[in-house]
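Below: structure-v1.csv (CSV, C-alpha atoms)
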```
chain,number,residue,atom,x,y,z
C,182,MET,CA,-193.6,-84.1,-141.1
C,183,ASP,CA,-189.9,-84.6,-141.4
C,184,GLU,CA,-188.4,-87.1,-138.9
C,185,LYS,CA,-184.9,-86.3,-137.9
C,186,PRO,CA,-182.5,-89.2,-138.0
C,187,THR,CA,-181.6,-90.8,-134.7
C,188,ILE,CA,-178.9,-93.0,-133.4
C,189,ARG,CA,-179.6,-95.9,-131.1
C,190,LEU,CA,-176.8,-96.4,-128.6
C,191,THR,CA,-176.4,-99.7,-126.9
C,192,LYS,CA,-174.0,-99.9,-124.0
C,193,THR,CA,-173.0,-103.1,-122.3
C,194,SER,CA,-170.8,-103.1,-119.2
C,195,HIS,CA,-168.9,-106.2,-118.0
C,196,VAL,CA,-168.4,-105.4,-114.3
C,197,HIS,CA,-165.9,-107.5,-112.4
C,198,THR,CA,-167.4,-106.8,-109.0
C,199,TYR,CA,-164.4,-108.3,-107.2
C,200,CYS,CA,-162.2,-105.7,-108.9
C,201,GLU,CA,-164.5,-102.9,-107.7
C,202,MET,CA,-164.3,-104.2,-104.2
C,203,TRP,CA,-160.5,-104.6,-104.5
C,204,ASP,CA,-160.2,-101.0,-105.5
C,205,ALA,CA,-162.4,-99.9,-102.6
C,206,SER,CA,-160.2,-101.8,-100.3
C,207,GLU,CA,-157.0,-100.1,-101.6
C,208,SER,CA,-158.6,-96.7,-101.5
C,209,LEU,CA,-159.6,-97.1,-97.9
C,210,LEU,CA,-156.1,-98.4,-97.0
C,211,SER,CA,-154.4,-95.6,-98.8
C,212,LYS,CA,-156.5,-93.0,-96.9
C,213,GLY,CA,-155.7,-94.7,-93.7
C,214,ARG,CA,-152.0,-94.8,-94.5
C,215,SER,CA,-152.0,-91.0,-95.2
C,216,ASP,CA,-153.2,-90.3,-91.6
C,217,ALA,CA,-152.7,-93.6,-89.7
C,218,GLU,CA,-153.6,-92.1,-86.3
C,219,GLY,CA,-157.4,-92.0,-86.2
C,220,SER,CA,-157.9,-94.3,-89.3
C,221,PHE,CA,-159.5,-97.2,-87.5
C,222,TYR,CA,-162.6,-97.0,-89.8
C,223,GLN,CA,-160.5,-96.8,-92.9
C,224,PHE,CA,-158.6,-100.0,-91.9
C,225,MET,CA,-161.8,-101.7,-90.9
C,226,GLY,CA,-163.4,-100.8,-94.3
C,227,SER,CA,-160.3,-102.0,-96.2
C,228,LEU,CA,-160.4,-105.3,-94.4
C,229,VAL,CA,-164.1,-105.8,-95.1
C,230,PHE,CA,-163.8,-104.9,-98.8
C,231,THR,CA,-160.8,-107.3,-99.0
C,232,ALA,CA,-162.9,-110.1,-97.7
C,233,PHE,CA,-165.8,-109.1,-100.0
C,234,SER,CA,-163.4,-109.0,-103.0
C,235,LEU,CA,-162.2,-112.6,-102.4
C,236,GLU,CA,-165.7,-113.9,-102.0
C,237,ALA,CA,-166.7,-112.1,-105.2
C,238,TYR,CA,-163.7,-113.6,-107.0
C,239,PHE,CA,-164.8,-117.1,-105.9
C,240,ASN,CA,-168.2,-116.3,-107.5
C,241,HIS,CA,-166.4,-115.0,-110.6
C,242,ILE,CA,-164.6,-118.2,-111.3
C,243,GLY,CA,-166.9,-120.7,-109.5
C,244,PRO,CA,-169.5,-121.3,-112.2
C,245,ASP,CA,-166.7,-121.9,-114.8
C,246,VAL,CA,-164.8,-124.3,-112.5
C,247,LEU,CA,-167.5,-126.3,-110.8
C,248,GLU,CA,-170.8,-127.4,-112.3
C,249,SER,CA,-172.3,-127.5,-108.8
C,250,TRP,CA,-171.3,-123.9,-108.0
C,251,LYS,CA,-174.9,-122.8,-107.4
C,252,ALA,CA,-175.1,-125.3,-104.5
C,253,MET,CA,-171.7,-124.1,-103.2
C,254,GLU,CA,-172.6,-120.4,-102.9
C,255,ARG,CA,-174.1,-120.8,-99.3
C,256,ARG,CA,-171.0,-122.6,-98.0
C,257,SER,CA,-168.3,-120.9,-96.0
C,258,PRO,CA,-165.5,-119.1,-98.0
C,259,LYS,CA,-163.1,-121.7,-96.7
C,260,ASN,CA,-165.2,-124.6,-98.0
C,261,ARG,CA,-165.7,-122.8,-101.4
C,262,LEU,CA,-162.0,-122.2,-101.6
C,263,THR,CA,-161.2,-125.8,-100.8
C,264,ALA,CA,-163.6,-127.0,-103.5
C,265,LEU,CA,-162.2,-124.7,-106.1
C,266,ALA,CA,-158.6,-125.6,-105.2
C,267,ASP,CA,-159.4,-129.3,-105.3
C,268,GLU,CA,-160.9,-129.0,-108.7
C,269,LEU,CA,-158.0,-126.9,-110.0
C,270,GLY,CA,-155.4,-129.1,-108.5
C,271,ILE,CA,-154.0,-126.5,-106.1
C,272,GLU,CA,-152.7,-127.6,-102.8
C,273,ILE,CA,-153.7,-125.5,-99.8
C,274,ASP,CA,-152.2,-125.4,-96.4
C,275,PHE,CA,-154.3,-123.2,-94.1
C,276,GLU,CA,-151.5,-123.0,-91.6
C,277,THR,CA,-149.2,-121.0,-94.0
C,278,ARG,CA,-149.3,-117.8,-96.0
C,279,PRO,CA,-151.2,-116.8,-98.1
C,280,TRP,CA,-153.9,-119.4,-97.1
C,281,GLN,CA,-153.9,-118.7,-93.4
C,282,ILE,CA,-155.5,-115.3,-94.0
C,283,ILE,CA,-158.8,-117.0,-94.8
C,284,GLU,CA,-159.7,-117.9,-91.2
C,285,ASP,CA,-158.7,-114.6,-89.7
C,286,LEU,CA,-160.2,-112.4,-92.4
C,287,PHE,CA,-163.5,-114.2,-92.7
C,288,GLY,CA,-163.8,-114.6,-88.9
C,289,PHE,CA,-163.4,-110.8,-88.7
C,290,ARG,CA,-165.9,-110.3,-91.5
C,291,ASN,CA,-168.4,-112.6,-89.9
C,292,LYS,CA,-168.2,-110.9,-86.6
C,293,LEU,CA,-169.1,-107.6,-88.3
C,294,ALA,CA,-171.7,-109.1,-90.7
C,295,HIS,CA,-173.5,-110.8,-87.8
C,296,GLY,CA,-172.6,-108.2,-85.2
C,297,LYS,CA,-173.9,-108.4,-81.6
C,298,THR,CA,-173.7,-106.1,-78.7
C,299,VAL,CA,-171.1,-107.5,-76.3
C,300,LYS,CA,-169.6,-106.5,-73.0
C,301,VAL,CA,-165.8,-106.6,-73.0
C,302,GLN,CA,-163.8,-106.7,-69.8
C,303,GLU,CA,-160.1,-106.6,-69.1
C,304,ASP,CA,-158.4,-107.3,-65.8
C,305,VAL,CA,-154.7,-106.4,-65.7
C,306,VAL,CA,-152.2,-105.6,-63.1
C,307,VAL,CA,-150.1,-102.5,-63.8
C,308,PRO,CA,-147.3,-100.8,-61.8
C,309,PHE,CA,-148.5,-98.2,-59.4
C,310,GLU,CA,-146.5,-95.4,-61.0
C,311,GLY,CA,-148.0,-96.2,-64.4
C,312,TYR,CA,-151.6,-96.9,-63.4
C,313,PHE,CA,-152.9,-93.3,-63.9
C,314,ARG,CA,-151.9,-93.2,-67.6
C,315,TYR,CA,-153.4,-96.7,-68.1
C,316,PHE,CA,-156.6,-95.7,-66.3
C,317,PHE,CA,-157.4,-92.9,-68.7
C,318,GLU,CA,-155.9,-94.2,-72.0
C,319,GLY,CA,-157.5,-96.5,-74.5
C,320,PHE,CA,-160.7,-98.6,-74.5
C,321,VAL,CA,-161.1,-102.3,-73.9
C,322,GLU,CA,-161.5,-103.8,-77.4
C,323,THR,CA,-163.1,-106.8,-78.9
C,324,ASP,CA,-161.0,-109.1,-81.0
C,325,TRP,CA,-162.4,-107.7,-84.2
C,326,GLU,CA,-161.6,-104.1,-83.1
C,327,LYS,CA,-158.0,-105.2,-82.4
C,328,PHE,CA,-157.9,-106.6,-85.9
C,329,CYS,CA,-158.5,-103.2,-87.6
C,330,THR,CA,-154.9,-102.2,-88.0
C,331,GLN,CA,-152.9,-100.9,-90.9
C,332,GLU,CA,-150.6,-103.9,-90.6
C,333,ASN,CA,-153.5,-106.4,-90.8
C,334,ALA,CA,-155.1,-104.5,-93.7
C,335,GLU,CA,-151.8,-104.7,-95.6
C,336,TRP,CA,-151.3,-108.3,-94.7
C,337,ALA,CA,-154.8,-109.3,-95.8
C,338,ARG,CA,-154.4,-107.5,-99.2
C,339,GLU,CA,-151.0,-109.2,-99.8
C,340,ASP,CA,-152.3,-112.6,-99.1
C,341,VAL,CA,-155.7,-112.3,-100.8
C,342,GLU,CA,-153.9,-111.0,-103.9
C,343,GLN,CA,-151.7,-114.0,-103.9
C,344,VAL,CA,-154.7,-116.4,-103.4
C,345,ILE,CA,-156.5,-114.7,-106.3
C,346,ARG,CA,-153.4,-114.8,-108.5
C,347,THR,CA,-152.8,-118.5,-107.7
C,348,LEU,CA,-156.4,-119.5,-108.6
C,349,HIS,CA,-156.5,-117.3,-111.6
C,350,ALA,CA,-153.2,-118.7,-113.0
C,351,VAL,CA,-155.0,-122.1,-113.3
C,352,SER,CA,-158.6,-121.2,-113.9
C,353,ASP,CA,-158.3,-118.3,-116.3
C,354,PRO,CA,-154.7,-117.8,-117.4
C,355,GLY,CA,-153.9,-114.9,-119.6
C,356,GLU,CA,-154.8,-111.4,-118.6
C,357,ASP,CA,-154.2,-109.9,-115.1
C,358,PRO,CA,-157.0,-110.8,-112.7
C,359,PHE,CA,-157.2,-107.3,-111.4
C,360,ILE,CA,-158.0,-105.6,-114.6
C,361,GLY,CA,-161.6,-104.4,-114.2
C,362,GLY,CA,-164.4,-104.9,-116.5
C,363,MET,CA,-165.0,-103.1,-119.8
C,364,GLN,CA,-167.8,-101.5,-121.7
C,365,GLU,CA,-168.9,-102.0,-125.2
C,366,THR,CA,-170.9,-99.3,-127.0
C,367,LYS,CA,-172.7,-99.8,-130.3
C,368,ALA,CA,-174.2,-97.1,-132.4
C,369,ASN,CA,-176.9,-97.9,-135.1
C,370,PHE,CA,-178.2,-95.2,-137.4
C,371,GLU,CA,-182.0,-95.1,-137.4
C,372,GLY,CA,-184.1,-93.1,-139.8
C,373,GLU,CA,-184.0,-92.2,-143.4
```
Represent the structure contained in this file as structure tokens.
Amino acid sequence: MDEKPTIRLTKTSHVHTYCEMWDASESLLSKGRSDAEGSFYQFMGSLVFTAFSLEAYFNHIGPDVLESWKAMERRSPKNRLTALADELGIEIDFETRPWQIIEDLFGFRNKLAHGKTVKVQEDVVVPFEGYFRYFFEGFVETDWEKFCTQENAEWAREDVEQVIRTLHAVSDPGEDPFIGGMQETKANFEGE
């Protein structure tokens, strides 16, 4: 019986998860921008994926920067960033951009990740002639719902990009940090 020759293909992908999440964040923001009214969920998703992207970037460089990274993975993003910055000799001021995004973005992310049913109440005084419109328009919102805006999604991406670029310039200089992974394919002839 004649065996037909075969080729063994081996594919290996190097996936930079933080880049995939970064692209998801941009895709959602872009969709939201194209029809801003009614894009609450696109802005929410963009913000969540921006936070995920930064956390994944910490995990991307963490093992190369800190021997104790495995023990750090359960710490808050702010603590992990501080440890990375200390090791890399980067000064952080959480009161100024781009660093101040950390508290707002991860506070938002945590409220969604650990979501709870809440009762939100608002008590305002409005002019008599305008009360009817106020009575029927809009819902009372939680802080995290108020955070889901195009402006905040854009601000978060700008600042997170700067944080990543700052860390990357010291930890892994060279290629752009937002170039995704790559795939290698090998072909080996098998048979006669």
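Non-sequential neighbours of Ile282 of chain C (distance at most 10 Å, separation of 2 or more positions within a chain, all atoms listed in the file) are Ala232, Phe275, Glu276, Thr277, Arg278, Pro279, Trp280, Glu284, Asp285, Leu286, Phe287, Gly288, Asn333, Trp336, Ala337, Arg338, Glu339, Asp340, Val341 and Val344 of chain C.
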Between atom CA of Glu326 of chain C and atom CA of Thr298 of chain C - distance in Å to one decimal
13.0 Å
Check the smallest atom-to-atom distance from each of C:Val299, C:Ala217, C:Ala294, C:Leu348 to Gly243 of chain C using all atoms listed in the file, then report the winner.
C:Leu348
To one decimal place in Å, what is the distance between atom CA of Val305 of chain C and atom CA of Gly219 of chain C?
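It comes out at 25.2 Å.
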If you count all atoms listed in the file, which residues fall within 12 Å of Ala350 of chain C, apart from same-chain ones fewer than 6 positions away, as a tab-separated table (two decimals) with C-alpha atoms, in the coordinates of the input?
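Final file, out38.tsv:
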```
chain	number	residue	atom	x	y	z
C	242	ILE	CA	-164.60	-118.20	-111.30
C	266	ALA	CA	-158.60	-125.60	-105.20
C	269	LEU	CA	-158.00	-126.90	-110.00
C	270	GLY	CA	-155.40	-129.10	-108.50
C	271	ILE	CA	-154.00	-126.50	-106.10
C	342	GLU	CA	-153.90	-111.00	-103.90
C	343	GLN	CA	-151.70	-114.00	-103.90
C	344	VAL	CA	-154.70	-116.40	-103.40
C	356	GLU	CA	-154.80	-111.40	-118.60
C	357	ASP	CA	-154.20	-109.90	-115.10
C	358	PRO	CA	-157.00	-110.80	-112.70
```
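Minimum atom-to-atom distances from C:Glu365, C:Asp353, C:Leu228, C:Pro186 to Ser208 of chain C were compared using all atoms listed in the file, and the lowest value belongs to C:Leu228.
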